[in-house]
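Have a look at target16.cif; it's mmCIF, C-alpha atoms:
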data_final
#
loop_
_atom_site.group_PDB
_atom_site.id
_atom_site.type_symbol
_atom_site.label_atom_id
_atom_site.label_comp_id
_atom_site.auth_asym_id
_atom_site.auth_seq_id
_atom_site.Cartn_x
_atom_site.Cartn_y
_atom_site.Cartn_z
ATOM 1 C CA MET A 29 -6.285 -20.394 -8.298
ATOM 2 C CA LYS A 30 -6.696 -18.471 -5.057
ATOM 3 C CA LYS A 31 -5.367 -20.035 -1.903
ATOM 4 C CA ILE A 32 -6.757 -18.929 1.426
ATOM 5 C CA ASN A 33 -5.598 -20.513 4.657
ATOM 6 C CA TYR A 34 -7.332 -19.932 7.962
ATOM 7 C CA SER A 35 -6.170 -20.676 11.466
ATOM 8 C CA ASN A 36 -8.714 -20.664 14.285
ATOM 9 C CA SER A 37 -6.142 -19.768 16.916
ATOM 10 C CA ASP A 38 -5.096 -16.390 15.570
ATOM 11 C CA LEU A 39 -7.737 -15.667 12.915
ATOM 12 C CA GLU A 40 -5.141 -15.291 10.205
ATOM 13 C CA LEU A 41 -6.092 -15.288 6.571
ATOM 14 C CA THR A 42 -3.502 -15.970 3.881
ATOM 15 C CA ILE A 43 -4.373 -14.974 0.355
ATOM 16 C CA GLU A 44 -2.212 -15.906 -2.596
ATOM 17 C CA PRO A 45 -1.324 -14.280 -4.863
ATOM 18 C CA LYS A 46 -0.426 -11.295 -2.741
ATOM 19 C CA ILE A 47 -2.662 -8.255 -2.863
ATOM 20 C CA ASN A 48 -1.113 -4.859 -3.532
ATOM 21 C CA LEU A 49 -2.629 -1.897 -1.734
ATOM 22 C CA ALA A 50 -2.380 1.459 -3.490
ATOM 23 C CA LYS A 51 -0.757 4.209 -1.408
ATOM 24 C CA SER A 52 -3.356 6.697 -2.608
ATOM 25 C CA PHE A 53 -6.530 6.770 -4.687
ATOM 26 C CA LYS A 54 -9.133 9.194 -5.968
ATOM 27 C CA TYR A 55 -12.885 8.987 -5.417
ATOM 28 C CA TYR A 56 -15.824 11.215 -6.326
ATOM 29 C CA ASP A 57 -18.053 12.922 -3.755
ATOM 30 C CA ASP A 58 -21.284 13.652 -5.609
ATOM 31 C CA PHE A 59 -22.573 15.949 -2.850
ATOM 32 C CA ASP A 60 -19.686 18.407 -3.258
ATOM 33 C CA ASP A 61 -19.325 17.504 -6.955
ATOM 34 C CA ARG A 62 -15.562 17.017 -6.731
ATOM 35 C CA PHE A 63 -12.878 14.372 -6.729
ATOM 36 C CA ILE A 64 -11.035 13.727 -3.473
ATOM 37 C CA ILE A 65 -7.576 12.221 -3.186
ATOM 38 C CA PHE A 66 -7.078 9.896 -0.237
ATOM 39 C CA ASP A 67 -3.459 9.115 0.643
ATOM 40 C CA SER A 68 -3.493 7.345 4.022
ATOM 41 C CA THR A 69 -4.293 3.751 3.064
ATOM 42 C CA ASP A 70 -1.909 2.368 5.705
ATOM 43 C CA ASP A 71 -4.071 3.810 8.499
ATOM 44 C CA ASP A 72 -6.660 1.626 10.215
ATOM 45 C CA ARG A 73 -9.169 4.467 10.336
ATOM 46 C CA TRP A 74 -9.997 6.255 7.098
ATOM 47 C CA GLU A 75 -11.629 9.674 7.051
ATOM 48 C CA ILE A 76 -13.913 9.812 4.017
ATOM 49 C CA ILE A 77 -15.789 12.887 2.804
ATOM 50 C CA CYS A 78 -19.369 11.846 2.080
ATOM 51 C CA THR A 79 -22.514 13.928 1.539
ATOM 52 C CA GLY A 80 -20.665 17.031 2.700
ATOM 53 C CA ASP A 81 -19.564 15.464 5.982
ATOM 54 C CA LYS A 82 -16.566 13.576 7.359
ATOM 55 C CA LYS A 83 -17.245 9.912 8.063
ATOM 56 C CA PHE A 84 -14.946 7.099 9.112
ATOM 57 C CA ILE A 85 -14.197 3.591 7.956
ATOM 58 C CA LYS A 86 -12.509 1.393 10.567
ATOM 59 C CA PHE A 87 -10.311 -1.637 9.941
ATOM 60 C CA ASP A 88 -8.692 -1.950 13.377
ATOM 61 C CA LYS A 89 -10.377 -5.160 14.538
ATOM 62 C CA TYR A 90 -9.380 -7.282 11.532
ATOM 63 C CA PRO A 91 -6.244 -9.444 11.198
ATOM 64 C CA GLN A 92 -3.622 -7.926 8.892
ATOM 65 C CA ASN A 93 -4.229 -9.963 5.721
ATOM 66 C CA LEU A 94 -8.003 -9.671 5.984
ATOM 67 C CA LYS A 95 -7.596 -5.949 6.636
ATOM 68 C CA LEU A 96 -5.563 -5.633 3.440
ATOM 69 C CA LEU A 97 -8.216 -7.476 1.418
ATOM 70 C CA LEU A 98 -11.007 -5.315 2.875
ATOM 71 C CA LYS A 99 -9.090 -2.109 2.111
ATOM 72 C CA VAL A 100 -8.551 -3.100 -1.516
ATOM 73 C CA VAL A 101 -12.252 -3.878 -1.945
ATOM 74 C CA VAL A 102 -13.273 -0.633 -0.208
ATOM 75 C CA ILE A 103 -11.084 1.305 -2.647
ATOM 76 C CA LYS A 104 -12.810 -0.471 -5.523
ATOM 77 C CA ILE A 105 -16.238 0.418 -4.065
ATOM 78 C CA LEU A 106 -15.215 4.050 -3.527
ATOM 79 C CA LYS A 107 -14.019 4.304 -7.125
ATOM 80 C CA ASN A 108 -16.937 2.477 -8.760
ATOM 81 C CA LEU A 109 -19.934 3.130 -6.510
ATOM 82 C CA THR A 110 -20.324 5.896 -3.930
ATOM 83 C CA PRO A 111 -18.611 6.888 -0.685
ATOM 84 C CA GLU A 112 -21.925 6.398 1.108
ATOM 85 C CA THR A 113 -22.128 2.792 -0.122
ATOM 86 C CA ALA A 114 -18.585 2.072 1.068
ATOM 87 C CA ILE A 115 -19.308 3.593 4.473
ATOM 88 C CA SER A 116 -22.586 1.671 4.907
ATOM 89 C CA TYR A 117 -21.022 -1.622 3.832
ATOM 90 C CA THR A 118 -17.969 -1.320 6.070
ATOM 91 C CA TYR A 119 -19.836 0.006 9.102
ATOM 92 C CA ASP A 120 -22.404 -2.772 8.953
ATOM 93 C CA LEU A 121 -19.814 -5.498 8.346
ATOM 94 C CA TYR A 122 -17.731 -4.176 11.249
ATOM 95 C CA HIS A 123 -20.698 -4.256 13.625
ATOM 96 C CA THR A 124 -22.626 -7.273 12.337
ATOM 97 C CA ILE A 125 -20.458 -10.143 11.074
ATOM 98 C CA LYS A 126 -18.048 -12.035 13.329
ATOM 99 C CA ILE A 127 -14.515 -12.235 11.965
ATOM 100 C CA LYS A 128 -14.459 -16.031 12.119
ATOM 101 C CA ASN A 129 -17.694 -16.205 10.077
ATOM 102 C CA LEU A 130 -16.268 -13.852 7.475
ATOM 103 C CA ILE A 131 -13.070 -15.861 7.191
ATOM 104 C CA ASN A 132 -15.040 -19.116 7.007
ATOM 105 C CA ILE A 133 -16.959 -17.940 3.982
ATOM 106 C CA LEU A 134 -13.853 -16.538 2.279
ATOM 107 C CA GLN A 135 -11.843 -19.719 2.742
ATOM 108 C CA CYS A 136 -14.497 -22.256 1.780
ATOM 109 C CA HIS A 137 -14.417 -24.262 -1.443
ATOM 110 C CA PRO A 138 -16.692 -22.859 -4.185
ATOM 111 C CA HIS A 139 -18.906 -25.951 -3.957
ATOM 112 C CA GLN A 140 -19.536 -25.179 -0.274
ATOM 113 C CA LEU A 141 -20.243 -21.493 -0.759
ATOM 114 C CA ARG A 142 -24.033 -21.782 -0.903
ATOM 115 C CA ILE A 143 -24.125 -23.797 2.335
ATOM 116 C CA LYS A 144 -21.713 -21.426 4.097
ATOM 117 C CA TRP A 145 -23.720 -18.450 2.837
ATOM 118 C CA GLU A 146 -26.931 -19.846 4.336
ATOM 119 C CA GLU A 147 -25.120 -20.652 7.589
ATOM 120 C CA LEU A 148 -23.826 -17.086 7.730
ATOM 121 C CA LYS A 149 -27.316 -15.672 7.227
ATOM 122 C CA TYR A 150 -28.724 -18.049 9.855
ATOM 123 C CA ASP A 151 -26.014 -17.107 12.401
ATOM 124 C CA HIS A 152 -27.038 -13.456 12.044
ATOM 125 C CA ILE A 153 -30.797 -13.897 11.681
ATOM 126 C CA PHE A 154 -31.548 -11.600 14.623
ATOM 127 C CA GLU A 155 -29.404 -8.727 13.356
ATOM 128 C CA ASN A 156 -30.902 -5.588 11.905
ATOM 129 C CA ARG A 157 -32.130 -6.545 8.403
ATOM 130 C CA ASN A 158 -30.569 -3.512 6.656
ATOM 131 C CA GLN A 159 -27.239 -4.008 8.413
ATOM 132 C CA LEU A 160 -27.205 -7.669 7.477
ATOM 133 C CA ASN A 161 -28.056 -6.879 3.836
ATOM 134 C CA HIS A 162 -25.250 -4.297 3.620
ATOM 135 C CA SER A 163 -22.829 -6.763 5.199
ATOM 136 C CA LEU A 164 -23.791 -9.515 2.773
ATOM 137 C CA SER A 165 -23.488 -7.103 -0.152
ATOM 138 C CA PHE A 166 -19.985 -6.206 0.985
ATOM 139 C CA ILE A 167 -19.049 -9.882 1.282
ATOM 140 C CA LYS A 168 -20.322 -10.380 -2.285
ATOM 141 C CA GLN A 169 -18.033 -7.548 -3.400
ATOM 142 C CA ILE A 170 -15.098 -9.265 -1.671
ATOM 143 C CA LEU A 171 -15.902 -12.591 -3.353
ATOM 144 C CA LEU A 172 -16.282 -10.845 -6.707
ATOM 145 C CA TYR A 173 -12.886 -9.204 -6.273
ATOM 146 C CA LEU A 174 -11.266 -12.558 -5.453
ATOM 147 C CA CYS A 175 -12.901 -14.158 -8.512
ATOM 148 C CA GLU A 176 -11.719 -11.331 -10.768
ATOM 149 C CA LYS A 177 -8.196 -11.585 -9.360
ATOM 150 C CA ASN A 178 -8.218 -15.330 -9.947
ATOM 151 C CA GLN A 179 -9.509 -14.841 -13.501
ATOM 152 C CA GLN A 180 -6.702 -12.370 -14.241
ATOM 153 C CA LEU A 181 -4.173 -14.952 -13.095
ATOM 154 C CA GLU A 182 -5.682 -17.580 -15.368
ATOM 155 C CA PHE A 183 -5.327 -15.238 -18.369
ATOM 156 C CA GLN A 184 -1.724 -14.451 -17.443
ATOM 157 C CA ARG A 185 -0.885 -18.158 -17.407
ATOM 158 C CA LEU A 186 -2.127 -18.641 -21.010
#

What is this file in structure tokens?
Amino acid sequence: MKKINYSNSDLELTIEPKINLAKSFKYYDDFDDRFIIFDSTDDDRWEIICTGDKKFIKFDKYPQNLKLLLKVVVIKILKNLTPETAISYTYDLYHTIKIKNLINILQCHPHQLRIKWEELKYDHIFENRNQLNHSLSFIKQILLYLCEKNQQLEFQRL
């Protein structure tokens, strides 16, 4: 079972089991019709080639453990969806959702998720609708990743 601890004072997020971040990964840019190898996952600013242009994903404002979780999910999105989706999701999350609100939804009990989800939407009701939708879609991807990780652990225990 996943364990996430949150402290209001320093906005720290503890996720167990530990998440391993790949040092490099490969993603497909459909505009240039080629695979690109990215090997700077430790950086807080990623340069991603998307639709023939260089774009950036920023992680600098997030606490370390949350940053690690976001990076792992971004890699999954880059591998399984498109670079443009990853860039839209991360940009909109970065500029729309407050860190404490993101941590609150990630650390809540599954039975409270629906309530926390509605509270999150209400707190950001005046945000740009597209930005909010991209942010919520990214949060869903994070929750999905955590559920999959938890499910893998359950199978390993059998």

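The residues returned by the PyMOL selection byres ((chain A and resi 58) around 10) for this structure are Tyr55, Tyr56, Asp57, Phe59, Asp60, Asp61, Arg62, Phe63, Cys78, Thr79, Gly80, Thr110, Pro111 and Glu112 of chain A.
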
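The two atoms in question, atom CA of Ile105 of chain A and atom CA of Tyr150 of chain A, are spaced 26.3 Å apart.
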
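Distance annotation: of A:Arg73, A:Lys54, A:Lys149, A:Lys144, the residue with the minimal separation from Ser163 of chain A is A:Lys149; atom set is all atoms listed in the file.
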
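Of the listed residues (A:Ile103, A:Ile85, A:Ile133, A:Ile143), A:Ile103 comes nearest to Ile65 of chain A; the distances count all atoms listed in the file.
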
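Closest to Thr118 of chain A among A:His162, A:Trp145, A:Asn93, A:Ile76 is A:His162, based on only C-alpha atoms.
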
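Nearest residue to Ser116 of chain A among A:Ser165, A:Gln140, A:Asn48, A:Thr69 is A:Ser165, counting only C-alpha atoms.
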
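In this comparison, which uses only C-alpha atoms, the residue of A:Leu160, A:Ile47, A:Leu174, A:Ile77 approaching Leu106 of chain A most closely is A:Ile77.
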
Expand the PyMOL selection byres ((chain A and resi 89) around 9) into the explicit residue set it covers here, and present it as a PDB file with C-alpha atoms, in the frame of the given file.
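Saved to result.pdb:
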ATOM      1  CA  ASP A  72      -6.660   1.626  10.215  1.00  0.00           C
ATOM      2  CA  LYS A  86     -12.509   1.393  10.567  1.00  0.00           C
ATOM      3  CA  PHE A  87     -10.311  -1.637   9.941  1.00  0.00           C
ATOM      4  CA  ASP A  88      -8.692  -1.950  13.377  1.00  0.00           C
ATOM      5  CA  TYR A  90      -9.380  -7.282  11.532  1.00  0.00           C
ATOM      6  CA  PRO A  91      -6.244  -9.444  11.198  1.00  0.00           C
ATOM      7  CA  LYS A  95      -7.596  -5.949   6.636  1.00  0.00           C
ATOM      8  CA  TYR A 122     -17.731  -4.176  11.249  1.00  0.00           C
ATOM      9  CA  ILE A 127     -14.515 -12.235  11.965  1.00  0.00           C
TER      10      ILE A 127
END

Taking only C-alpha atoms into account, name the residue in A:Ile153, A:Ala50, A:Leu109, A:Val100 that is nearest to Thr124 of chain A. A:Ile153

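With atom CA of Glu147 of chain A on one side and atom CA of Lys177 of chain A on the other, the separation reads 25.6 Å.
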
Adding 8 Å on each side of the box along x, y and z that holds all listed atoms of segment 76-80 of chain A, could you give its centre and edge lengths in Å to one decimal, as lines of an AutoDock Vina configuration file?
center_x = -18.2
center_y = 13.4
center_z = 2.8
size_x = 24.6
size_y = 23.2
size_z = 18.5

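Across the model, the gap from atom CA of Tyr117 of chain A to atom CA of Ser52 of chain A is 20.6 Å.
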
Could you please give me, as number ranges by chain, the residues of protein, DNA or RNA lying at most 10 Å from (-14.7, -19.2, 2.4) in the coordinate frame of the file, considering all atoms listed in the file? A: 32-34, 129-138, 140-141, 144-145, 171

When you look at Leu172 of chain A with a cut-off of 12 Å (counting only C-alpha atoms), what residues show up, excluding the ones that are within fewer than 3 positions of it in the same chain? I need them as a PyMOL selection string. chain A and resi 97+101+104-105+134+165-169+175-179
